[in-house]
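Undergrad: Sharing run07.txt here; it has compact mmCIF, C-alpha atoms.
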```
# COMPACT_ATOMS: atom_id res chain seq x y z
CA MET A 1 -28.64 30.19 8.47
CA PRO A 2 -28.70 28.10 11.62
CA GLY A 3 -25.42 26.95 13.13
CA VAL A 4 -26.62 23.36 13.43
CA SER A 5 -29.29 21.40 11.56
CA VAL A 6 -30.74 18.63 13.67
CA ILE A 7 -32.36 15.86 11.64
CA ILE A 8 -34.82 13.37 13.11
CA PRO A 9 -35.88 10.52 10.83
CA ALA A 10 -39.18 9.22 12.19
CA TYR A 11 -41.27 6.18 11.44
CA ASN A 12 -44.24 5.47 13.68
CA ALA A 13 -42.58 7.36 16.51
CA ALA A 14 -45.56 9.11 18.06
CA ASP A 15 -44.90 7.61 21.48
CA TYR A 16 -41.39 9.01 21.81
CA ILE A 17 -40.67 11.81 19.35
CA GLY A 18 -41.97 14.52 21.64
CA GLU A 19 -39.29 13.64 24.18
CA ALA A 20 -36.61 13.69 21.50
CA VAL A 21 -37.66 17.16 20.35
CA GLU A 22 -37.88 18.46 23.92
CA SER A 23 -34.33 17.31 24.56
CA ILE A 24 -33.16 19.33 21.54
CA LEU A 25 -35.10 22.41 22.61
CA ALA A 26 -33.48 22.11 26.04
CA GLN A 27 -29.96 22.37 24.61
CA ASN A 28 -27.67 25.07 26.01
CA TYR A 29 -26.80 25.87 22.39
CA GLN A 30 -29.83 27.13 20.51
CA ASP A 31 -28.73 28.40 17.09
CA LEU A 32 -30.30 25.41 15.42
CA GLU A 33 -33.10 24.16 13.22
CA ILE A 34 -34.98 20.92 13.72
CA ILE A 35 -36.03 18.91 10.68
CA VAL A 36 -38.23 15.87 11.19
CA VAL A 37 -38.48 13.58 8.19
CA ASP A 38 -41.63 11.52 8.63
CA ASP A 39 -40.92 8.33 6.73
CA GLY A 40 -44.54 7.38 6.00
CA SER A 41 -45.71 7.02 9.61
CA GLU A 42 -49.22 5.75 10.21
CA ASP A 43 -49.46 6.35 13.95
CA GLY A 44 -50.00 10.10 14.17
CA THR A 45 -46.33 11.06 14.48
CA ALA A 46 -47.07 14.29 12.57
CA ASP A 47 -49.93 15.19 14.93
CA THR A 48 -47.64 14.79 17.92
CA LEU A 49 -45.36 17.44 16.45
CA LYS A 50 -48.08 20.11 16.18
CA ARG A 51 -47.16 21.38 19.64
CA PHE A 52 -43.67 22.22 18.35
CA PRO A 53 -44.19 25.03 15.81
CA MET A 54 -40.44 25.48 15.39
CA VAL A 55 -40.07 21.97 13.99
CA ARG A 56 -39.92 21.69 10.20
CA LEU A 57 -41.87 18.58 9.28
CA VAL A 58 -41.31 16.87 5.95
CA LYS A 59 -43.32 13.83 4.96
CA ILE A 60 -41.99 11.26 2.50
CA PRO A 61 -43.29 7.87 1.36
CA HIS A 62 -41.84 5.07 3.49
CA SER A 63 -38.31 4.58 2.17
CA GLY A 64 -36.13 3.60 5.12
CA ILE A 65 -33.86 5.42 7.51
CA ALA A 66 -31.04 6.15 5.06
CA ALA A 67 -33.39 7.87 2.60
CA ALA A 68 -35.04 9.78 5.46
CA ARG A 69 -31.69 11.02 6.75
CA ASN A 70 -30.64 11.96 3.21
CA THR A 71 -33.83 13.97 2.76
CA GLY A 72 -33.04 15.83 5.96
CA ILE A 73 -29.48 16.58 4.82
CA SER A 74 -30.73 17.91 1.49
CA LEU A 75 -32.99 20.36 3.34
CA ALA A 76 -30.52 21.34 6.05
CA GLY A 77 -29.29 24.92 6.11
CA GLY A 78 -26.55 24.46 8.71
CA GLU A 79 -22.91 23.81 8.05
CA LEU A 80 -23.07 21.31 10.89
CA ILE A 81 -25.41 18.33 10.90
CA ALA A 82 -26.61 16.29 13.85
CA PHE A 83 -29.02 13.38 14.04
CA VAL A 84 -31.31 12.04 16.72
CA ASP A 85 -33.28 8.87 16.39
CA ALA A 86 -36.93 9.64 17.13
CA ASP A 87 -37.00 7.38 20.17
CA ASP A 88 -33.81 8.72 21.77
CA ARG A 89 -32.82 11.93 23.53
CA TRP A 90 -29.87 14.21 24.18
CA LYS A 91 -28.28 15.51 27.34
CA LYS A 92 -28.64 19.28 27.44
CA ASP A 93 -24.95 20.12 26.98
CA LYS A 94 -24.45 17.78 24.01
CA LEU A 95 -24.26 20.33 21.20
CA GLU A 96 -22.40 22.87 23.31
CA LEU A 97 -19.57 20.44 24.10
CA GLN A 98 -19.38 19.08 20.57
CA LEU A 99 -19.30 22.57 19.05
CA ARG A 100 -16.62 23.69 21.44
CA TYR A 101 -14.50 20.71 20.41
CA LEU A 102 -14.92 21.38 16.70
CA GLN A 103 -14.11 25.08 17.18
CA LEU A 104 -10.90 24.15 18.96
CA HIS A 105 -10.05 21.45 16.40
CA PRO A 106 -10.78 22.73 12.90
CA GLU A 107 -8.89 19.75 11.47
CA LYS A 108 -11.63 17.42 12.76
CA ALA A 109 -14.85 17.01 10.83
CA MET A 110 -16.96 14.81 13.06
CA VAL A 111 -17.24 14.56 16.82
CA LEU A 112 -19.07 11.67 18.44
CA THR A 113 -20.00 11.18 22.08
CA ARG A 114 -20.46 8.24 24.38
CA TYR A 115 -24.01 7.03 24.95
CA ARG A 116 -26.07 5.16 27.48
CA ASN A 117 -28.92 2.80 26.75
CA PHE A 118 -32.00 3.38 28.91
CA THR A 119 -35.55 2.11 29.11
CA ASP A 120 -38.97 3.01 30.46
CA LEU A 121 -40.04 -0.60 30.44
CA PRO A 122 -40.65 -2.29 33.81
CA GLU A 123 -37.60 -4.35 34.73
CA LYS A 124 -39.53 -7.58 35.01
CA SER A 125 -40.79 -7.25 31.44
CA LEU A 126 -37.30 -6.95 29.98
CA SER A 127 -35.93 -9.78 27.90
CA LYS A 128 -32.45 -11.16 28.55
CA GLU A 129 -31.17 -9.35 25.43
CA GLN A 130 -32.68 -6.05 26.54
CA LYS A 131 -31.09 -6.37 29.98
CA GLU A 132 -27.71 -7.03 28.40
CA LEU A 133 -28.08 -4.00 26.14
CA LEU A 134 -28.77 -1.70 29.08
CA GLY A 135 -25.29 -2.22 30.45
CA ARG A 136 -23.46 -2.09 27.16
CA GLU A 137 -21.88 0.56 24.98
CA VAL A 138 -20.57 -0.43 21.59
CA GLY A 139 -17.76 1.56 19.93
CA ARG A 140 -18.94 4.35 17.72
CA LEU A 141 -22.55 5.29 17.24
CA MET A 142 -22.93 7.61 14.25
CA VAL A 143 -26.16 9.05 15.55
CA THR A 144 -24.28 10.67 18.44
CA ALA A 145 -22.15 12.72 16.02
CA LEU A 146 -21.99 16.38 15.11
CA ILE A 147 -20.75 16.38 11.52
CA ARG A 148 -19.39 19.03 9.22
CA ARG A 149 -21.48 19.05 6.05
CA GLU A 150 -18.30 18.81 3.95
CA LEU A 151 -18.10 15.09 4.78
CA PHE A 152 -21.39 14.43 3.00
CA ASP A 153 -20.33 16.65 0.11
CA SER A 154 -17.06 14.74 -0.26
CA TYR A 155 -18.03 11.16 0.52
CA GLY A 156 -21.71 11.05 -0.33
CA LEU A 157 -24.94 10.49 1.57
CA PHE A 158 -26.17 7.34 3.30
CA ASP A 159 -26.69 4.36 1.02
CA PRO A 160 -30.45 3.76 0.77
CA SER A 161 -29.87 0.23 -0.52
CA LEU A 162 -28.72 -0.80 2.96
CA VAL A 163 -31.53 -1.81 5.29
CA TYR A 164 -29.33 -1.47 8.37
CA SER A 165 -25.69 -0.55 9.12
CA GLU A 166 -26.03 2.32 6.63
CA ASP A 167 -24.43 4.55 9.25
CA THR A 168 -21.53 2.15 9.78
CA GLU A 169 -20.93 1.93 6.03
CA TRP A 170 -20.87 5.73 5.78
CA MET A 171 -18.39 6.00 8.66
CA ILE A 172 -16.17 3.43 6.95
CA ARG A 173 -16.10 5.73 3.90
CA VAL A 174 -14.88 8.56 6.11
CA ASP A 175 -12.35 6.23 7.80
CA LEU A 176 -10.99 5.15 4.43
CA ARG A 177 -10.45 8.68 3.15
CA ARG A 178 -9.93 10.73 6.29
CA PRO A 179 -8.95 8.40 9.10
CA ASP A 180 -8.18 11.31 11.42
CA ALA A 181 -11.42 13.19 10.80
CA MET A 182 -13.33 11.74 13.75
CA TYR A 183 -13.06 12.20 17.47
CA LYS A 184 -15.16 10.79 20.26
CA LEU A 185 -15.78 12.82 23.41
CA ASP A 186 -15.51 10.93 26.66
CA ASP A 187 -18.87 12.28 27.87
CA PHE A 188 -22.19 10.44 27.94
CA LEU A 189 -24.29 12.90 25.97
CA TYR A 190 -26.70 10.64 24.08
CA GLU A 191 -29.38 8.39 25.52
CA ARG A 192 -30.61 5.51 23.47
CA ARG A 193 -33.97 4.06 24.36
CA ILE A 194 -34.47 0.32 24.64
CA HIS A 195 -38.06 -0.65 23.89
CA ASN A 196 -39.92 -3.44 22.17
CA ARG A 197 -39.73 -2.00 18.66
CA ASN A 198 -36.05 -1.18 18.24
CA ILE A 199 -35.00 -2.02 14.71
CA THR A 200 -31.26 -1.65 14.99
CA LEU A 201 -30.30 -2.90 18.42
CA THR A 202 -30.36 -6.49 17.29
CA HIS A 203 -27.44 -5.56 15.03
CA ASP A 204 -25.20 -4.41 17.88
CA ASN A 205 -23.48 -7.77 17.73
CA ILE A 206 -22.07 -7.06 14.31
CA SER A 207 -19.68 -9.75 13.17
CA LEU A 208 -16.62 -9.71 10.95
CA GLU A 209 -18.68 -11.44 8.28
CA MET A 210 -21.13 -8.55 8.41
CA MET A 211 -18.38 -5.92 8.32
CA ARG A 212 -16.63 -7.17 5.18
CA PRO A 213 -19.53 -6.45 2.84
CA LEU A 214 -19.75 -2.99 4.40
CA TYR A 215 -16.10 -2.27 3.58
CA ALA A 216 -16.71 -3.39 0.00
CA LYS A 217 -19.85 -1.30 -0.22
CA ALA A 218 -17.96 1.69 1.19
CA LEU A 219 -15.24 1.36 -1.45
CA LEU A 220 -17.85 1.09 -4.19
CA ASN A 221 -19.70 4.15 -2.91
CA LEU A 222 -16.46 6.15 -2.66
CA ARG A 223 -15.56 5.22 -6.20
CA LYS A 224 -18.98 6.36 -7.37
CA GLU A 225 -18.61 9.69 -5.53
CA GLU A 226 -15.11 10.25 -6.84
CA LYS A 227 -16.25 9.68 -10.42
CA LYS A 228 -18.88 12.46 -10.14
CA MET B 1 -13.58 -22.57 -15.14
CA TYR B 2 -12.81 -20.20 -12.30
CA ARG B 3 -14.07 -19.38 -8.84
CA LEU B 4 -13.62 -16.54 -6.42
CA ASN B 5 -10.78 -17.12 -3.95
CA GLU B 6 -13.18 -16.80 -1.05
CA GLU B 7 -10.59 -17.77 1.55
CA LYS B 8 -8.74 -14.53 0.92
CA VAL B 9 -10.96 -12.04 -0.82
CA PHE B 10 -14.39 -10.47 -0.60
CA TYR B 11 -16.10 -9.41 -3.82
CA ASP B 12 -19.00 -7.11 -4.57
CA ILE B 13 -20.38 -5.42 -7.66
CA ALA B 14 -22.83 -2.51 -7.91
CA GLU B 15 -23.98 -0.62 -10.99
CA GLY B 16 -21.45 -2.44 -13.12
CA GLN B 17 -18.44 -1.58 -10.92
CA ALA B 18 -16.70 -4.39 -9.07
CA VAL B 19 -14.52 -4.17 -6.01
CA VAL B 20 -12.42 -6.91 -4.43
CA ILE B 21 -10.81 -6.67 -1.02
CA ASN B 22 -8.06 -9.03 0.06
CA PHE B 23 -8.45 -8.98 3.82
CA THR B 24 -5.21 -10.91 4.33
CA THR B 25 -3.08 -8.24 2.62
CA GLY B 26 -5.26 -5.13 3.01
CA VAL B 27 -5.06 -4.53 -0.72
CA TYR B 28 -8.19 -3.74 -2.65
CA TYR B 29 -8.80 -3.87 -6.39
CA ALA B 30 -10.87 -1.69 -8.68
CA PHE B 31 -11.68 -2.60 -12.26
CA SER B 32 -12.62 -1.05 -15.58
CA SER B 33 -16.26 -1.52 -16.49
CA LEU B 34 -15.48 -4.39 -18.85
CA GLY B 35 -13.05 -5.82 -16.30
CA SER B 36 -15.87 -5.75 -13.73
CA GLU B 37 -18.28 -7.54 -16.06
CA VAL B 38 -15.71 -10.18 -17.00
CA LEU B 39 -14.82 -10.83 -13.38
CA ASP B 40 -18.50 -11.11 -12.47
CA ARG B 41 -19.06 -13.66 -15.21
CA LEU B 42 -15.99 -15.67 -14.28
CA VAL B 43 -16.94 -15.95 -10.60
CA LYS B 44 -20.44 -16.98 -11.66
CA GLY B 45 -18.97 -19.89 -13.56
CA ASP B 46 -18.70 -18.72 -17.15
CA SER B 47 -15.91 -20.33 -19.15
CA PHE B 48 -13.16 -18.36 -20.92
CA GLU B 49 -14.71 -19.14 -24.30
CA CYS B 50 -18.13 -18.06 -23.16
CA VAL B 51 -16.87 -14.69 -21.86
CA LEU B 52 -14.82 -14.13 -25.00
CA LYS B 53 -17.80 -14.85 -27.21
CA ALA B 54 -19.93 -12.31 -25.32
CA VAL B 55 -17.26 -9.60 -25.62
CA GLN B 56 -16.57 -10.33 -29.26
CA ALA B 57 -20.28 -10.04 -30.02
CA CYS B 58 -20.12 -6.31 -29.17
CA ASP B 59 -19.78 -3.74 -31.93
CA GLY B 60 -16.27 -2.38 -32.17
CA CYS B 61 -14.55 -5.21 -30.32
CA PRO B 62 -10.88 -4.87 -31.15
CA GLU B 63 -8.88 -7.65 -32.69
CA GLY B 64 -6.74 -9.60 -30.29
CA MET B 65 -9.39 -9.66 -27.58
CA ALA B 66 -8.62 -13.33 -26.84
CA VAL B 67 -5.03 -12.44 -25.97
CA GLN B 68 -6.14 -9.45 -23.90
CA LEU B 69 -8.70 -11.52 -22.04
CA LYS B 70 -6.21 -14.27 -21.35
CA ALA B 71 -3.72 -11.75 -19.94
CA TYR B 72 -6.44 -10.18 -17.80
CA ILE B 73 -7.46 -13.55 -16.34
CA SER B 74 -3.80 -14.35 -15.61
CA ARG B 75 -3.59 -11.07 -13.74
CA LEU B 76 -6.66 -12.01 -11.67
CA ILE B 77 -5.12 -15.38 -10.86
CA ASP B 78 -1.73 -13.83 -9.96
CA ALA B 79 -3.48 -11.40 -7.63
CA GLU B 80 -5.21 -14.39 -5.99
CA ILE B 81 -8.61 -12.94 -6.80
CA ILE B 82 -9.80 -16.03 -8.67
CA LEU B 83 -8.66 -19.64 -8.79
CA GLU B 84 -8.76 -21.97 -11.75
CA THR B 85 -10.83 -25.12 -11.27
CA PRO B 86 -11.04 -28.25 -13.41
CA GLU B 87 -14.78 -27.96 -14.14
CA ALA B 88 -15.89 -26.99 -17.65
CA GLY B 89 -17.92 -23.86 -16.87
CA ASN B 90 -21.00 -22.32 -18.48
CA THR B 91 -21.06 -21.98 -22.23
CA ASN B 92 -24.14 -19.77 -22.75
CA ALA B 93 -22.86 -16.34 -23.75
CA ASP B 94 -25.46 -13.79 -22.63
CA PRO B 95 -25.04 -10.36 -24.24
CA LEU B 96 -23.09 -7.78 -22.23
CA PRO B 97 -25.17 -5.11 -20.45
CA GLY B 98 -24.83 -1.55 -21.76
CA ASN B 99 -22.76 -0.30 -18.82
CA ALA B 100 -20.06 -2.95 -19.40
CA LEU B 101 -18.44 -0.79 -22.05
CA MET B 102 -18.49 2.54 -20.18
CA ASP B 103 -14.68 2.48 -20.25
CA GLY B 104 -14.57 0.99 -23.72
CA PHE B 105 -12.92 -2.38 -24.27
CA GLU B 106 -10.17 -1.80 -21.76
CA LEU B 107 -9.60 -4.67 -19.39
CA PHE B 108 -7.72 -3.57 -16.34
CA VAL B 109 -7.49 -4.05 -12.62
CA ASP B 110 -6.01 -1.37 -10.36
CA GLU B 111 -4.37 -2.39 -7.11
CA HIS B 112 -4.73 -0.05 -4.12
CA SER B 113 -2.88 -0.40 -0.85
CA GLU B 114 -3.27 3.07 0.67
CA VAL B 115 -5.87 1.96 3.21
CA LYS B 116 -4.43 -1.43 4.07
CA ASP B 117 -4.07 -0.58 7.78
CA ILE B 118 -7.79 0.05 8.00
CA LEU B 119 -8.74 -2.98 5.93
CA MET B 120 -6.46 -5.29 7.86
CA ALA B 121 -7.59 -4.13 11.28
CA ASP B 122 -10.23 -6.41 12.69
CA PRO B 123 -12.99 -3.93 13.43
CA ILE B 124 -14.63 -6.32 15.84
CA HIS B 125 -11.79 -7.56 17.98
CA ASP B 126 -9.03 -4.98 17.49
CA VAL B 127 -11.15 -2.14 18.75
CA ASP B 128 -10.11 0.31 21.39
CA VAL B 129 -12.81 -0.12 24.03
CA ASP B 130 -13.04 3.55 24.92
CA MET B 131 -12.84 5.07 21.48
CA GLY B 132 -14.35 2.33 19.34
CA TRP B 133 -11.70 2.71 16.65
CA PRO B 134 -9.78 -0.17 15.16
CA ILE B 135 -6.24 -0.29 16.54
CA MET B 136 -3.88 0.31 13.67
CA LYS B 137 -0.74 -1.74 13.29
CA GLU B 138 2.47 0.16 13.93
CA ASP B 139 4.54 0.97 10.87
CA ASN B 140 7.66 -1.12 10.64
```
Take the structure in this file and express it as structure tokens.

TA:
Amino acid sequence: MPGVSVIIPAYNAADYIGEAVESILAQNYQDLEIIVVDDGSEDGTADTLKRFPMVRLVKIPHSGIAAARNTGISLAGGELIAFVDADDRWKKDKLELQLRYLQLHPEKAMVLTRYRNFTDLPEKSLSKEQKELLGREVGRLMVTALIRRELFDSYGLFDPSLVYSEDTEWMIRVDLRRPDAMYKLDDFLYERRIHNRNITLTHDNISLEMMRPLYAKALLNLRKEEKK
Amino acid sequence: MYRLNEEKVFYDIAEGQAVVINFTTGVYYAFSSLGSEVLDRLVKGDSFECVLKAVQACDGCPEGMAVQLKAYISRLIDAEIILETPEAGNTNADPLPGNALMDGFELFVDEHSEVKDILMADPIHDVDVDMGWPIMKEDN
């Protein structure tokens, strides 16, 4: 059994996924498995992964990021789960520092890190919004986290009915039941790529009106889990 | 008829289970399956008579449902979940869906306040810049 299962949901990510995988293989900590869930890509994402024989590739019909992450969790053998978006990458000491923290703090179940947005795009081609994003870090980003599997067992998987903010909704569930379960390291260990096809960055400016339905959804999902 | 007290509460329903959060008090409410269905119909504009007719049309509906329903609606009004309005309301009583009676004919609403600090924190503006967590109010 690997110590950590790293899950990469991928949809048409051929341009970037190689870099994401390389950043995982470059980790100081190596007792891990890598599971890529190809969410119905049509751009040769699977072909790109042929040069990484250690990657476990699972193909599913296009169902969205929540379903792809859930598929990865269901296949994961590790007691600790980490995610990487297919267009992002890790700093090489990410897992090592997160693991050390969790070993020293058994009462915590999820350790996040800080992150930096970066881009390969030429500066003059960047939109105003993209430029603003490069200098910004918003609160908690679930995808930076190393998570004890018990949280998914207790509070359920990601809600596939949510098109975006499924990660925020899931973290609210954890907040509501175990408000002290999370910790965020003060190290920049995750790099989030800004490009022209980001699907979630436009939702960085989440408003109170957007948060309220997520709290309600989180309570409904918790109730469903607790009735099981 | 009735309407949701949108100034104070947020309401959602999924798979026949309703939840209401009062963001001004941090209290949230969970409902029996029939309670969820009744609330959903009331906020969609069904009249008392229309809801009663739909419930009474179900096999096994106990006697005294009108009194029970009236008490339940009073409870929803007291909790500031719904408001009474002068309009007449819908009168077409559609049959109840199968999952409305998962908990039988019980009509109840449970009040929960154990997470009020989290629900009352403004996750957008009351956030610690470094940690990204809502800042909880100090206990009095």

Undergrad: Could you pull the residues within 8 Å of range 75-86 of chain A, counting all atoms listed in the file, minus those fewer than 6 positions along the same chain, as a PyMOL selection string?

TA: chain A and resi 1-11+13+16-17+20+32-33+35+143-150

Undergrad: If you take only C-alpha atoms and a cut-off of 6 Å, which residues of range 44-72 of chain B touch range 89-113 of chain B, and what are their nearest atom pairs and distances in Å to one decimal, in chain and number order, as CSV?

TA:
```
residue,atom,partner,partner_atom,distance
B:Gly45,CA,B:Gly89,CA,5.3
B:Asp46,CA,B:Asn90,CA,4.5
B:Ser47,CA,B:Gly89,CA,4.7
B:Cys50,CA,B:Thr91,CA,5.0
B:Ala54,CA,B:Ala93,CA,5.2
```

Undergrad: Hey, can you spit out that residue selection with C-alpha atoms as a PDB file, in the frame of the given file?

TA:
```pdb
ATOM      1  CA  GLY B  45     -18.970 -19.890 -13.560  1.00  0.00           C
ATOM      2  CA  ASP B  46     -18.700 -18.720 -17.150  1.00  0.00           C
ATOM      3  CA  SER B  47     -15.910 -20.330 -19.150  1.00  0.00           C
ATOM      4  CA  CYS B  50     -18.130 -18.060 -23.160  1.00  0.00           C
ATOM      5  CA  ALA B  54     -19.930 -12.310 -25.320  1.00  0.00           C
TER       6      ALA B  54
END
```

Undergrad: Give me, please, the distance in Å between CA of Gly40 in chain A and CA of Arg192 in chain A, quoted to one decimal.

TA: 22.4 Å

Undergrad: State, in Å with one decimal place, the distance from CA of Ala26 in chain A to CA of Gly135 in chain A.

TA: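 CA of Gly135 in chain A lies 26.0 Å from CA of Ala26 in chain A.
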
Undergrad: Could you tell me which of B:Asp59, B:Asp117, B:Glu80, B:Glu87 comes closest to Met1 in chain B if we count all atoms listed in the file?

TA: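 Nearest to Met1 in chain B: B:Glu87.
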
Undergrad: Residues of chain A within 10 Å of chain B, counting all atoms listed in the file, what are they? List them as an MDAnalysis selection string.

TA: chainID A and resid 112:114 137:141 172 175:177 179 182:186 205:209 211:221 223:224

Undergrad: Counting all atoms listed in the file, which of A:Leu222, A:Val163, A:Ser127, A:Asn117 gets nearest to Arg193 in chain A?

TA: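 Smallest separation from Arg193 in chain A among the options: A:Asn117.
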
Undergrad: At the level of C-alpha atoms, write range 18-63 of chain B to a file as a compact mmCIF listing (two decimals), in the first residue's frame, please.

TA:
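The result, written out as part.txt:
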```
# COMPACT_ATOMS: atom_id res chain seq x y z
CA ALA B 18 -34.97 20.36 2.91
CA VAL B 19 -32.54 22.54 4.80
CA VAL B 20 -32.98 26.14 5.88
CA ILE B 21 -30.20 28.34 7.19
CA ASN B 22 -30.90 31.56 9.04
CA PHE B 23 -27.74 33.53 8.37
CA THR B 24 -28.71 36.23 10.86
CA THR B 25 -28.83 33.80 13.80
CA GLY B 26 -26.56 30.99 12.59
CA VAL B 27 -29.31 28.48 13.27
CA TYR B 28 -30.15 25.89 10.67
CA TYR B 29 -33.23 23.72 10.38
CA ALA B 30 -33.69 20.14 9.22
CA PHE B 31 -37.07 18.60 8.49
CA SER B 32 -38.84 15.27 8.32
CA SER B 33 -39.50 14.09 4.79
CA LEU B 34 -43.13 15.21 4.91
CA GLY B 35 -42.07 18.44 6.59
CA SER B 36 -39.64 19.03 3.70
CA GLU B 37 -42.33 18.42 1.10
CA VAL B 38 -44.83 20.67 2.86
CA LEU B 39 -42.30 23.47 3.22
CA ASP B 40 -41.36 23.15 -0.45
CA ARG B 41 -44.99 23.43 -1.49
CA LEU B 42 -45.65 26.39 0.78
CA VAL B 43 -42.69 28.40 -0.52
CA LYS B 44 -43.80 27.61 -4.06
CA GLY B 45 -47.13 29.22 -3.34
CA ASP B 46 -49.46 26.37 -2.44
CA SER B 47 -52.28 27.29 -0.07
CA PHE B 48 -52.88 25.54 3.27
CA GLU B 49 -55.96 23.81 1.85
CA CYS B 50 -54.08 22.63 -1.20
CA VAL B 51 -51.24 21.11 0.87
CA LEU B 52 -53.71 19.50 3.25
CA LYS B 53 -55.64 17.96 0.39
CA ALA B 54 -52.46 16.45 -1.07
CA VAL B 55 -51.45 14.94 2.28
CA GLN B 56 -54.91 13.65 3.04
CA ALA B 57 -55.02 11.94 -0.35
CA CYS B 58 -52.24 9.57 0.80
CA ASP B 59 -53.11 6.11 2.10
CA GLY B 60 -52.88 5.92 5.86
CA CYS B 61 -53.11 9.65 6.53
CA PRO B 62 -53.96 9.97 10.20
CA GLU B 63 -56.97 11.83 11.44
```
